[in-house]
Every structure is written in C-alpha cells, then in structure tokens.
file coords.cif (mmCIF, C-alpha atoms)
data_protein
#
loop_
_atom_site.label_atom_id
_atom_site.label_comp_id
_atom_site.auth_asym_id
_atom_site.auth_seq_id
_atom_site.Cartn_x
_atom_site.Cartn_y
_atom_site.Cartn_z
CA MET A 1 -95.52 15.69 -82.65
CA ALA A 2 -92.72 16.84 -80.46
CA HIS A 3 -89.30 15.25 -80.71
CA THR A 4 -87.31 14.48 -77.58
CA LEU A 5 -83.72 13.61 -76.69
CA ILE A 6 -83.43 11.55 -73.52
CA LYS A 7 -80.25 10.29 -71.91
CA VAL A 8 -80.56 7.57 -69.28
CA PRO A 9 -77.85 4.98 -68.56
CA ALA A 10 -79.01 1.60 -69.90
CA SER A 11 -77.85 -0.15 -66.75
CA ALA A 12 -76.76 0.83 -63.24
CA ARG A 13 -75.82 -0.76 -59.92
CA ARG A 14 -78.41 -0.70 -57.12
CA GLY A 15 -78.00 2.46 -55.04
CA GLU A 16 -75.97 4.24 -57.72
CA ILE A 17 -76.73 7.91 -58.41
CA ILE A 18 -77.57 8.25 -62.10
CA ALA A 19 -77.62 11.37 -64.27
CA ILE A 20 -80.63 11.90 -66.53
CA SER A 21 -81.06 14.59 -69.15
CA THR A 22 -84.01 15.42 -71.39
CA ILE A 23 -84.60 17.87 -74.22
CA ILE A 24 -87.95 18.43 -75.88
CA GLY A 25 -88.59 20.40 -79.06
CA HIS A 26 -90.99 23.15 -78.01
CA PRO A 27 -91.25 26.87 -78.95
CA MET A 28 -91.81 28.10 -75.35
CA GLU A 29 -93.58 31.15 -76.75
CA THR A 30 -93.71 33.69 -73.92
CA GLY A 31 -97.05 35.37 -74.65
CA PHE A 32 -95.34 38.77 -74.66
CA ARG A 33 -93.90 38.92 -78.18
CA PRO A 34 -95.64 40.42 -81.20
CA GLY A 35 -95.76 38.33 -84.35
CA ALA A 36 -95.08 39.51 -87.91
CA ASP A 37 -98.55 41.09 -88.07
CA GLY A 38 -97.98 43.11 -84.87
CA ARG A 39 -100.41 41.09 -82.80
CA ILE A 40 -99.25 39.41 -79.58
CA LEU A 41 -98.56 35.71 -80.10
CA PRO A 42 -100.58 33.61 -77.66
CA ARG A 43 -98.58 32.08 -74.85
CA ASN A 44 -97.50 28.52 -75.58
CA ILE A 45 -95.19 27.09 -72.93
CA ILE A 46 -94.63 23.83 -71.14
CA GLN A 47 -95.91 24.28 -67.59
CA ARG A 48 -94.90 21.10 -65.89
CA PHE A 49 -92.36 18.34 -66.32
CA THR A 50 -92.46 15.12 -64.32
CA CYS A 51 -90.39 11.96 -64.12
CA HIS A 52 -91.89 8.79 -62.65
CA TYR A 53 -89.64 5.84 -61.78
CA ASN A 54 -91.84 2.73 -61.75
CA ASP A 55 -94.88 4.97 -61.16
CA GLU A 56 -93.22 6.80 -58.26
CA LEU A 57 -92.66 10.53 -58.78
CA VAL A 58 -88.91 11.17 -58.45
CA PHE A 59 -88.56 14.58 -60.09
CA SER A 60 -90.84 17.40 -61.22
CA ALA A 61 -90.37 20.97 -62.39
CA GLU A 62 -92.56 24.00 -63.02
CA LEU A 63 -91.66 25.98 -66.14
CA PHE A 64 -92.26 29.67 -66.79
CA PRO A 65 -92.29 32.06 -69.76
CA ALA A 66 -88.65 33.15 -69.41
CA ILE A 67 -87.37 29.63 -70.17
CA ALA A 68 -85.80 29.26 -73.63
CA ALA A 69 -87.20 27.14 -76.44
CA ASN A 70 -86.37 23.42 -76.50
CA PRO A 71 -85.85 23.22 -72.72
CA LEU A 72 -83.09 20.95 -71.44
CA ILE A 73 -83.83 19.49 -68.00
CA ALA A 74 -81.10 17.48 -66.26
CA PHE A 75 -81.30 15.89 -62.83
CA HIS A 76 -80.14 12.92 -60.77
CA THR A 77 -81.91 10.05 -59.10
CA VAL A 78 -80.93 6.87 -57.31
CA ALA A 79 -81.19 3.60 -59.20
CA THR A 80 -83.36 1.30 -57.06
CA THR A 81 -84.87 -1.48 -59.19
CA SER A 82 -85.08 -2.42 -62.85
CA GLY A 83 -88.04 -0.87 -64.55
CA THR A 84 -89.25 2.14 -66.48
CA LEU A 85 -88.66 5.85 -66.28
CA ARG A 86 -91.66 7.78 -67.58
CA PHE A 87 -91.18 11.40 -68.62
CA SER A 88 -94.15 13.75 -69.12
CA TRP A 89 -94.37 17.29 -70.38
CA GLU A 90 -97.64 19.22 -70.03
CA GLY A 91 -98.37 22.73 -71.18
CA ASP A 92 -100.56 25.33 -72.82
CA GLN A 93 -103.03 24.58 -75.60
CA GLY A 94 -103.50 21.04 -74.34
CA PHE A 95 -99.88 20.08 -74.94
CA ARG A 96 -99.02 16.68 -73.51
CA HIS A 97 -96.13 14.40 -74.39
CA THR A 98 -94.93 11.24 -72.68
CA GLU A 99 -91.85 9.09 -73.26
CA SER A 100 -90.72 5.94 -71.47
CA VAL A 101 -87.21 4.53 -71.13
CA SER A 102 -86.31 1.28 -69.45
CA ILE A 103 -83.37 0.84 -67.10
CA GLU A 104 -81.75 -2.34 -65.81
CA VAL A 105 -80.48 -2.29 -62.22
CA THR A 106 -78.12 -5.04 -61.06
CA MET B 1 -53.42 15.39 -101.14
CA ARG B 2 -50.12 15.95 -99.32
CA HIS B 3 -51.63 15.79 -95.86
CA GLY B 4 -54.70 13.80 -96.82
CA TRP B 5 -53.80 10.90 -94.55
CA ILE B 6 -53.52 13.14 -91.48
CA ILE B 7 -56.99 14.51 -92.13
CA LEU B 8 -58.31 10.99 -92.54
CA LEU B 9 -56.94 9.96 -89.14
CA LEU B 10 -58.42 13.01 -87.46
CA GLY B 11 -61.67 12.38 -89.24
CA THR B 12 -61.89 8.94 -87.71
CA ALA B 13 -61.27 10.39 -84.27
CA LEU B 14 -63.99 12.96 -84.82
CA ALA B 15 -66.60 10.35 -85.54
CA THR B 16 -66.38 9.29 -81.91
CA GLY B 17 -67.09 12.75 -80.59
CA VAL B 18 -63.59 14.23 -80.25
CA PRO B 19 -63.76 18.04 -80.65
CA ALA B 20 -62.69 19.83 -83.80
CA GLN B 21 -58.96 20.17 -84.29
CA PRO B 22 -56.91 21.98 -86.90
CA ALA B 23 -56.08 19.78 -89.90
CA THR B 24 -52.38 19.78 -89.00
CA GLN B 25 -50.26 20.97 -86.10
CA THR B 26 -49.03 23.94 -88.11
CA ASP B 27 -52.50 24.89 -89.36
CA ALA B 28 -53.48 28.28 -87.92
CA ARG B 29 -57.12 27.79 -88.82
CA ARG B 30 -59.53 27.31 -85.93
CA SER B 31 -63.13 26.21 -85.97
CA GLY B 32 -65.71 28.36 -84.20
CA PHE B 33 -65.87 25.45 -81.75
CA ASP B 34 -62.49 26.47 -80.29
CA PHE B 35 -63.73 29.99 -79.54
CA MET B 36 -66.73 29.05 -77.41
CA GLY B 37 -67.05 28.25 -73.73
CA SER B 38 -66.73 24.74 -72.34
CA ALA B 39 -70.47 24.49 -71.54
CA VAL B 40 -71.50 25.03 -75.16
CA GLN B 41 -68.69 22.76 -76.34
CA ALA B 42 -70.10 20.03 -74.09
CA MET B 43 -73.52 20.52 -75.69
CA GLN B 44 -72.06 19.94 -79.14
CA ARG B 45 -69.97 16.94 -78.08
CA ASP B 46 -72.92 14.99 -76.71
CA ASP B 47 -75.71 14.16 -79.14
CA ALA B 48 -78.15 13.81 -76.22
CA LEU B 49 -77.50 17.43 -75.22
CA ASN B 50 -77.29 18.91 -78.74
CA PRO B 51 -80.71 20.41 -79.55
CA ALA B 52 -79.91 20.27 -83.29
CA MET B 53 -80.55 16.53 -82.98
CA LEU B 54 -84.28 17.35 -82.68
CA TRP B 55 -84.14 18.59 -86.28
CA VAL B 56 -82.06 15.59 -87.32
CA LYS B 57 -84.81 13.30 -86.00
CA GLN B 58 -87.38 15.19 -88.04
CA GLY B 59 -85.06 15.00 -91.07
CA GLU B 60 -84.84 11.23 -90.70
CA THR B 61 -88.65 11.07 -90.87
CA LEU B 62 -88.69 13.29 -93.96
CA TRP B 63 -86.03 11.14 -95.61
CA GLN B 64 -88.50 8.21 -95.50
CA ALA B 65 -91.62 10.21 -96.39
CA ALA B 66 -93.00 10.05 -99.93
CA ALA B 67 -93.59 13.48 -101.49
CA GLY B 68 -94.96 14.94 -104.69
CA ALA B 69 -96.58 13.43 -107.78
CA SER B 70 -93.83 10.81 -108.10
CA GLY B 71 -94.83 9.25 -104.75
CA LYS B 72 -91.14 8.75 -104.04
CA SER B 73 -89.20 9.48 -100.87
CA CYS B 74 -85.52 10.37 -100.69
CA ALA B 75 -84.92 6.77 -99.60
CA SER B 76 -86.65 5.39 -102.72
CA CYS B 77 -83.73 6.55 -104.87
CA HIS B 78 -80.84 7.06 -102.44
CA GLY B 79 -81.51 4.09 -100.13
CA ALA B 80 -79.97 4.39 -96.69
CA ALA B 81 -78.89 7.89 -95.75
CA GLY B 82 -75.34 6.62 -95.30
CA SER B 83 -75.08 6.60 -99.10
CA LEU B 84 -74.86 10.40 -98.89
CA ARG B 85 -71.77 10.29 -96.65
CA GLY B 86 -69.41 13.00 -97.89
CA VAL B 87 -72.02 14.95 -99.85
CA ALA B 88 -72.45 17.77 -97.34
CA ALA B 89 -68.66 18.20 -97.18
CA ARG B 90 -68.44 19.19 -100.84
CA TYR B 91 -71.36 21.62 -101.23
CA PRO B 92 -71.87 24.26 -102.69
CA ALA B 93 -71.22 22.52 -106.02
CA PHE B 94 -71.73 23.41 -109.68
CA ASP B 95 -75.10 22.46 -111.18
CA THR B 96 -74.76 21.70 -114.88
CA ALA B 97 -78.41 22.33 -115.70
CA LEU B 98 -78.50 25.74 -114.01
CA GLN B 99 -74.92 26.65 -114.99
CA ARG B 100 -74.28 28.06 -111.52
CA PRO B 101 -73.29 26.82 -108.06
CA VAL B 102 -76.00 25.63 -105.67
CA ASN B 103 -75.74 24.94 -101.96
CA LEU B 104 -77.05 21.84 -100.21
CA ALA B 105 -80.45 23.35 -99.42
CA GLN B 106 -80.96 24.36 -103.05
CA ARG B 107 -79.77 20.91 -104.15
CA ILE B 108 -82.44 19.29 -101.94
CA ASN B 109 -85.08 21.56 -103.46
CA LEU B 110 -83.92 20.71 -107.01
CA CYS B 111 -84.33 17.04 -106.15
CA ARG B 112 -87.81 17.75 -104.82
CA GLN B 113 -88.83 19.61 -107.96
CA ASN B 114 -87.20 17.46 -110.63
CA ARG B 115 -87.27 13.96 -109.13
CA GLN B 116 -90.07 13.91 -106.56
CA LEU B 117 -92.21 16.35 -108.61
CA ALA B 118 -93.07 18.18 -105.40
CA GLU B 119 -93.25 21.82 -104.39
CA PRO B 120 -89.84 23.11 -103.31
CA TRP B 121 -89.60 24.01 -99.64
CA ARG B 122 -89.27 27.65 -98.68
CA LEU B 123 -85.58 28.36 -98.04
CA GLU B 124 -84.83 28.36 -94.28
CA SER B 125 -88.09 26.51 -93.57
CA GLN B 126 -88.03 23.97 -90.74
CA ASP B 127 -88.56 21.03 -93.10
CA LEU B 128 -85.67 22.02 -95.33
CA LEU B 129 -83.36 22.65 -92.36
CA SER B 130 -84.35 19.30 -90.85
CA LEU B 131 -83.52 17.31 -93.97
CA GLU B 132 -80.34 19.33 -94.51
CA SER B 133 -79.16 18.64 -90.95
CA PHE B 134 -79.90 14.93 -91.36
CA ILE B 135 -77.86 14.81 -94.59
CA ALA B 136 -75.06 16.92 -93.08
CA LEU B 137 -74.84 14.54 -90.11
CA GLN B 138 -73.91 11.72 -92.49
CA SER B 139 -70.68 13.61 -93.28
CA ARG B 140 -69.77 14.56 -89.72
CA GLY B 141 -66.09 13.97 -89.07
CA LEU B 142 -65.07 14.14 -92.73
CA PRO B 143 -62.77 16.90 -94.02
CA MET B 144 -64.41 19.78 -95.89
CA ALA B 145 -63.85 18.94 -99.54
CA PRO B 146 -65.10 21.68 -101.89
CA PRO B 147 -64.91 20.34 -105.47
CA ALA B 148 -61.87 21.28 -107.56
CA ASP B 149 -64.15 22.29 -110.41
CA ALA B 150 -62.78 24.81 -112.91
CA ARG B 151 -66.28 26.05 -113.64
CA LEU B 152 -66.55 27.19 -109.99
CA GLN B 153 -63.39 29.29 -110.08
CA ALA B 154 -65.03 32.52 -111.26
CA PHE B 155 -67.73 32.21 -108.57
CA VAL B 156 -65.17 31.57 -105.82
CA GLU B 157 -63.24 34.65 -106.95
CA ARG B 158 -66.40 36.75 -106.79
CA GLY B 159 -67.00 35.41 -103.29
CA ARG B 160 -63.45 36.34 -102.31
CA ALA B 161 -63.89 39.87 -103.65
CA ARG B 162 -67.16 40.26 -101.76
CA TYR B 163 -65.54 38.95 -98.57
CA GLN B 164 -62.98 41.73 -98.81
CA GLN B 165 -65.36 44.46 -99.90
CA ARG B 166 -66.45 47.06 -97.35
CA LEU B 167 -70.22 47.02 -96.87
CA GLY B 168 -73.00 48.82 -95.05
CA GLN B 169 -73.20 52.00 -92.99
CA LEU B 170 -70.43 50.73 -90.72
CA ASN B 171 -68.30 50.30 -93.85
CA LEU B 172 -66.78 46.98 -92.73
CA SER B 173 -65.73 43.97 -94.78
CA CYS B 174 -65.94 40.36 -93.61
CA ALA B 175 -62.13 40.21 -93.76
CA GLN B 176 -61.63 43.14 -91.39
CA CYS B 177 -63.23 41.20 -88.54
CA HIS B 178 -62.70 37.56 -89.43
CA ASP B 179 -59.20 37.68 -91.01
CA GLN B 180 -57.60 40.64 -89.26
CA ARG B 181 -59.28 40.68 -85.84
CA TRP B 182 -60.27 37.10 -85.04
CA GLY B 183 -59.74 36.23 -81.39
CA GLN B 184 -60.53 39.81 -80.35
CA ARG B 185 -63.91 40.82 -79.00
CA LEU B 186 -66.89 42.47 -80.64
CA GLY B 187 -68.96 43.56 -77.69
CA GLY B 188 -68.97 40.52 -75.41
CA THR B 189 -68.34 37.90 -78.05
CA VAL B 190 -65.08 36.54 -79.43
CA ILE B 191 -64.72 37.00 -83.19
CA PRO B 192 -64.15 33.60 -84.82
CA GLN B 193 -62.38 32.92 -88.12
CA ALA B 194 -65.57 32.40 -90.14
CA HIS B 195 -65.06 28.77 -91.11
CA PRO B 196 -68.40 27.24 -92.11
CA THR B 197 -67.70 23.82 -90.60
CA GLY B 198 -70.86 23.24 -88.57
CA TYR B 199 -73.87 24.28 -90.66
CA PRO B 200 -76.76 23.94 -90.38
CA LEU B 201 -76.26 24.59 -86.66
CA TYR B 202 -78.20 25.31 -83.49
CA ARG B 203 -77.53 28.80 -82.23
CA LEU B 204 -78.57 29.49 -78.66
CA GLU B 205 -79.34 33.09 -79.65
CA TRP B 206 -81.73 31.89 -82.36
CA GLN B 207 -83.24 29.20 -80.12
CA GLY B 208 -83.34 27.17 -83.27
CA LEU B 209 -81.52 25.71 -86.24
CA GLY B 210 -80.21 27.99 -88.97
CA SER B 211 -78.22 27.84 -92.18
CA LEU B 212 -74.98 29.53 -93.16
CA GLN B 213 -77.02 31.99 -95.21
CA ARG B 214 -78.92 33.04 -92.08
CA ARG B 215 -75.60 33.61 -90.32
CA LEU B 216 -74.27 35.65 -93.28
CA ARG B 217 -77.44 37.73 -93.33
CA ASN B 218 -77.00 38.35 -89.57
CA CYS B 219 -73.52 39.73 -90.19
CA LEU B 220 -74.79 41.85 -93.10
CA SER B 221 -77.45 43.51 -91.00
CA GLY B 222 -74.81 43.81 -88.24
CA VAL B 223 -72.72 46.10 -90.45
CA ARG B 224 -76.01 47.83 -91.42
CA ALA B 225 -75.93 46.60 -94.99
CA GLN B 226 -79.06 45.44 -96.74
CA PRO B 227 -78.90 41.62 -96.59
CA TRP B 228 -79.27 39.67 -99.81
CA PRO B 229 -82.38 37.46 -99.82
CA TYR B 230 -82.14 33.74 -99.06
CA GLY B 231 -80.82 31.84 -102.06
CA ALA B 232 -79.19 34.91 -103.62
CA GLN B 233 -76.23 34.21 -105.89
CA GLU B 234 -74.11 36.61 -103.80
CA LEU B 235 -74.63 34.50 -100.68
CA VAL B 236 -73.88 31.24 -102.49
CA GLU B 237 -70.64 32.76 -103.81
CA LEU B 238 -69.66 33.77 -100.28
CA GLU B 239 -70.45 30.22 -99.11
CA LEU B 240 -68.21 28.88 -101.89
CA TYR B 241 -65.31 31.12 -100.88
CA LEU B 242 -65.69 30.21 -97.20
CA ALA B 243 -65.80 26.50 -98.06
CA ALA B 244 -62.61 26.90 -100.10
CA GLN B 245 -60.92 28.61 -97.14
CA ALA B 246 -61.96 25.78 -94.83
CA ARG B 247 -60.81 22.97 -97.14
CA GLY B 248 -59.59 20.03 -95.06
CA MET B 249 -61.11 21.23 -91.80
CA VAL B 250 -63.37 18.76 -90.06
CA LEU B 251 -67.11 18.98 -90.66
CA GLU B 252 -68.94 19.24 -87.31
CA SER B 253 -72.55 19.48 -88.49
CA PRO B 254 -74.90 19.86 -86.81
CA ALA B 255 -72.92 22.10 -84.47
CA VAL B 256 -73.95 24.29 -81.53
CA ARG B 257 -72.89 27.94 -81.29
CA PRO B 258 -73.70 30.62 -78.72
#
call {"tool": "encode", "arguments": {"input": "coords.cif", "output": "structure tokens"}}
result
Amino acid sequence: MAHTLIKVPASARRGEIIAISTIIGHPMETGFRPGADGRILPRNIIQRFTCHYNDELVFSAELFPAIAANPLIAFHTVATTSGTLRFSWEGDQGFRHTESVSIEVT
Amino acid sequence: MRHGWIILLLGTALATGVPAQPATQTDARRSGFDFMGSAVQAMQRDDALNPAMLWVKQGETLWQAAAGASGKSCASCHGAAGSLRGVAARYPAFDTALQRPVNLAQRINLCRQNRQLAEPWRLESQDLLSLESFIALQSRGLPMAPPADARLQAFVERGRARYQQRLGQLNLSCAQCHDQRWGQRLGGTVIPQAHPTGYPLYRLEWQGLGSLQRRLRNCLSGVRAQPWPYGAQELVELELYLAAQARGMVLESPAVRP
C-alpha cells in the first residue's frame, strides 16, 4: 500500500486561499529503462491526480513518464465550507489510492 | 563536555524544525544542509514535504509488526520508539559478541537474528532503510555522540587512514575533496564537508532513501575505485571516523540532499 504525506490547514476562514501539498510514494517507472536483466521494465506511473472538495472537483493533474518518483503536487484552493478534501491517485497496473482529510471553515 | 550545554540548547531548537547550525559560533564545521539551495532546505525543514517521511511511516509499521519464530515485534521488547531516543546518534558502536563495530543497520539485523529469530534483511533493502529512518528520527535534534569506547580506537584510526588514502584511477582521497576543497565545486555541485549528520537520507538524485554506505560507495565509484560491498568492515570504519569528526553536530535524520 502506498504511503502519502498530505498537508492541509486544519482550519481556515471562509474565502481564505489555502495551500495544499501532497506526496505519494510511487516508483514512477518510465517504461524506458532496462532492469538488471537487460529487459525493459514495464511502465508504472501515476496518470491522474484529482482533489475533490466536498465532492466538487477543485484540482486535477495529468502525470507523464518524465515525472520523478514520489511526486509532490502542491496547489491552492479557496476555503468555502467545512467538509472533506478527497485526494485520488490513479495509474498504470490498476493503481488507485484515495485519502481524505477534513477541514473546518469558520 | 565543555560546551555540552550549548549543544543541548541548540538541540532543543532543532526539534522544532530550525535548520542545522554549527555546534558553537567558532565551529568551522558545516552540515551538508548549509551547502544546498533554499528549495531543498525547505523540503527538509517541513516533514510534509520531506519524502523520507514516506519511509519513516513504513518503519513505524515495521516497528509494530511481529517477525520471526519468536513472534515478537520491536515494540514487544523496546516499547514505544521514543525509548530509542539517542541511539542513532551514537552508532556505529562496538559489538561485544562480534568484537567489531557495527552500524545501526547491522545492529537492527543482529536484533532480528538473535532476538526475533528472523531472517536478516538484505543491507540497503527498503524494509531495513525504513526501520532505520524511523529509529534515526527518534534522535533528530540531538548532538552526534559517538561512544568514547577504547575498543573502537583502532577502528577509528583505520578509518582515518583510509579517509586520507588516495584511491581509484583518479587517485583521490576523501580528504582531498572534503577537507581541502570543501565549498568549491565539483562539476555543478558544491563539495560539502562530509559530515554524516542526516543518514539515512532522501537524495533527489536517487529518487529514494539511502544509507551512508550507499553515499560512500557513490564516492568510491566516482574516483573510479572498486567500491567495498555493503556491510564491509572498511565502510564501517569510515563511518566511525566520520562520526568522530562530526561529534557534537546536530543529527538531522532523515535529511534531504540534492
């Protein structure tokens, strides 16, 4: 199972711009490199990252083979109401990982 | 002991994420942290941005996981991981049974073999690095405290001699770069002073966590010498000498380096 590091402020004022950062442990294997036996390692990357704020999509990103392992994705959003931020990573070989973090907006 | 109290104060500051500082104002020693750019420094300062924390999380799981015929986990004997605060700061240390120094990774494997009755992990394997980073984190902010053990003296001296010995096709010693030319550039990178204060650490070039022995082997192949294998006595002796040189500097593990 993949480990993640997620940074979201625990509380924010309504209308405030908040910074969010996420890291996920993932090899991001490009599909171009040979392994120890000389054969090309199959591609294994994360293809898509999404962030839903109370089920509304607020940020998404497409990822490609040139992105380093353990990708760090940082972005901003506006704090609207208290609720949940849901982060999803989807990729090759059926990879799928979801984390949820709650935020309190006053 | 003379400036022990200063180190203690700095150590407390470090625990709250203040960057590495020399042990005293007059100390000319600098951590590799001081040689890197502000973006990488920011990664190390913030645990949410430091990718080494992914391994720490895995290490925390392994700390609780039973292993081997004994059915015991690390926690079964050691309790909370906080009980190992300070341990990482004093390794490598002398092992009485083996009559030679062992580093923290080897110490973990000895515990696995002799106490948990489990297979030792392959050196530099992800599991071993994870548990090592989790244990090292417990000592973050403490001064490096290699043991003042008379039995270690001969090994430290051998490490010192090897540090100053020219090696490889390029015929360079560690000291020629890291003592005589630190602060200058080798290609595009600044040469640091070779203080092992952040291991195991996340290196952006590796895209992963690595031990001090991996770093030493990198330098050895860099001077076109044949690197000693993981766990070799020669590497442990070098680690011992480097730890002695860094005595009193603040432990930053798990650090980030470019």
call {"tool": "residues_near_point", "arguments": {"input": "coords.cif", "point": "(-87.9, 24.3, -95.2)", "cutoff": "12 Å", "atoms": "all atoms listed in the file", "output": "list in words"}}
result
Trp55, Gln58, Gly59, Leu62, Ala105, Gln106, Ile108, Asn109, Arg112, Glu119, Pro120, Trp121, Arg122, Leu123, Glu124, Ser125, Gln126, Asp127, Leu128, Leu129, Ser130, Leu131, Glu132, Ser133, Leu209, Gly210, Ser211 and Tyr230 of chain B
call {"tool": "closest_atom_pairs", "arguments": {"input": "coords.cif", "of": "chain B", "to": "chain A", "cutoff": "9 Å", "atoms": "only C-alpha atoms", "output": "tab-separated table"}}
result
residue	atom	partner	partner_atom	distance
B:Asp47	CA	A:Leu5	CA	8.4
B:Ala48	CA	A:Leu5	CA	5.6
B:Leu49	CA	A:Ile23	CA	7.2
B:Asn50	CA	A:Leu5	CA	8.6
B:Pro51	CA	A:Ile23	CA	7.1
B:Met53	CA	A:Leu5	CA	7.6
B:Leu54	CA	A:His3	CA	5.8
B:Trp55	CA	A:His3	CA	8.3
B:Lys57	CA	A:His3	CA	7.2
B:Gln58	CA	A:His3	CA	7.6
B:Leu204	CA	A:Ala68	CA	8.8
B:Gln207	CA	A:Ala69	CA	5.8
B:Gly208	CA	A:Ala69	CA	7.8
call {"tool": "axis_aligned_box", "arguments": {"input": "coords.cif", "around": "region 79-88 of chain A", "padding_each_side": "3 Å", "output": "lines of an AutoDock Vina configuration file"}}
result
center_x = -87.7
center_y = 5.7
center_z = -63.1
size_x = 19.0
size_y = 22.2
size_z = 18.1
call {"tool": "residues_around", "arguments": {"input": "coords.cif", "residues": "Ser73 (chain B)", "least_positions_apart": "6", "cutoff": "9 Å", "atoms": "only C-alpha atoms", "output": "MDAnalysis selection string"}}
result
chainID B and resid 62:67 116
call {"tool": "residues_around", "arguments": {"input": "coords.cif", "residues": "region 174-176 of chain B", "least_positions_apart": "6", "cutoff": "8 Å", "atoms": "all atoms listed in the file", "output": "number ranges by chain"}}
result
B: 163-166
call {"tool": "residues_around", "arguments": {"input": "coords.cif", "residues": "Ala19 (chain A)", "least_positions_apart": "5", "cutoff": "7 Å", "atoms": "only C-alpha atoms", "output": "ChimeraX atom specification"}}
result
/A:8,75-77
call {"tool": "resolve_selection", "arguments": {"input": "coords.cif", "expression": "the PyMOL selection byres ((chain A and resi 57-65) around 8)", "output": "list in words"}}
result
Met28, Glu29, Thr30, Gly31, Ile45, Ile46, Gln47, Arg48, Phe49, Thr50, Cys51, His52, Tyr53, Asp55, Glu56, Ala66, Ile67, Phe75 and Thr77 of chain A
call {"tool": "write_last_selection", "arguments": {"input": "coords.cif", "atoms": "C-alpha atoms", "output": "PDB file, in the frame of the given file"}}
result
ATOM      1  CA  MET A  28     -91.810  28.100 -75.350  1.00  0.00           C
ATOM      2  CA  GLU A  29     -93.580  31.150 -76.750  1.00  0.00           C
ATOM      3  CA  THR A  30     -93.710  33.690 -73.920  1.00  0.00           C
ATOM      4  CA  GLY A  31     -97.050  35.370 -74.650  1.00  0.00           C
ATOM      5  CA  ILE A  45     -95.190  27.090 -72.930  1.00  0.00           C
ATOM      6  CA  ILE A  46     -94.630  23.830 -71.140  1.00  0.00           C
ATOM      7  CA  GLN A  47     -95.910  24.280 -67.590  1.00  0.00           C
ATOM      8  CA  ARG A  48     -94.900  21.100 -65.890  1.00  0.00           C
ATOM      9  CA  PHE A  49     -92.360  18.340 -66.320  1.00  0.00           C
ATOM     10  CA  THR A  50     -92.460  15.120 -64.320  1.00  0.00           C
ATOM     11  CA  CYS A  51     -90.390  11.960 -64.120  1.00  0.00           C
ATOM     12  CA  HIS A  52     -91.890   8.790 -62.650  1.00  0.00           C
ATOM     13  CA  TYR A  53     -89.640   5.840 -61.780  1.00  0.00           C
ATOM     14  CA  ASP A  55     -94.880   4.970 -61.160  1.00  0.00           C
ATOM     15  CA  GLU A  56     -93.220   6.800 -58.260  1.00  0.00           C
ATOM     16  CA  ALA A  66     -88.650  33.150 -69.410  1.00  0.00           C
ATOM     17  CA  ILE A  67     -87.370  29.630 -70.170  1.00  0.00           C
ATOM     18  CA  PHE A  75     -81.300  15.890 -62.830  1.00  0.00           C
ATOM     19  CA  THR A  77     -81.910  10.050 -59.100  1.00  0.00           C
TER      20      THR A  77
END
call {"tool": "closest_residue", "arguments": {"input": "coords.cif", "among": "B:Val40, B:Leu152, B:Leu220, B:Cys77", "to": "Gln99 (chain B)", "atoms": "only C-alpha atoms"}}
result
B:Leu152
call {"tool": "resolve_selection", "arguments": {"input": "coords.cif", "expression": "the PyMOL selection byres ((chain A and resi 9-12) around 6)", "output": "VMD selection string"}}
result
chain A and resid 8 13 103 to 105
call {"tool": "atom_distance", "arguments": {"input": "coords.cif", "atom1": "CA of Leu235 (chain B)", "atom2": "CA of Arg100 (chain B)"}}
result
12.6 Å
call {"tool": "residues_around", "arguments": {"input": "coords.cif", "residues": "region 96-100 of chain A", "least_positions_apart": "3", "cutoff": "7 Å", "atoms": "all atoms listed in the file", "output": "list in words"}}
result
Thr84, Leu85, Arg86, Phe87, Ser88, Trp89, Glu90 and Gly91 of chain A
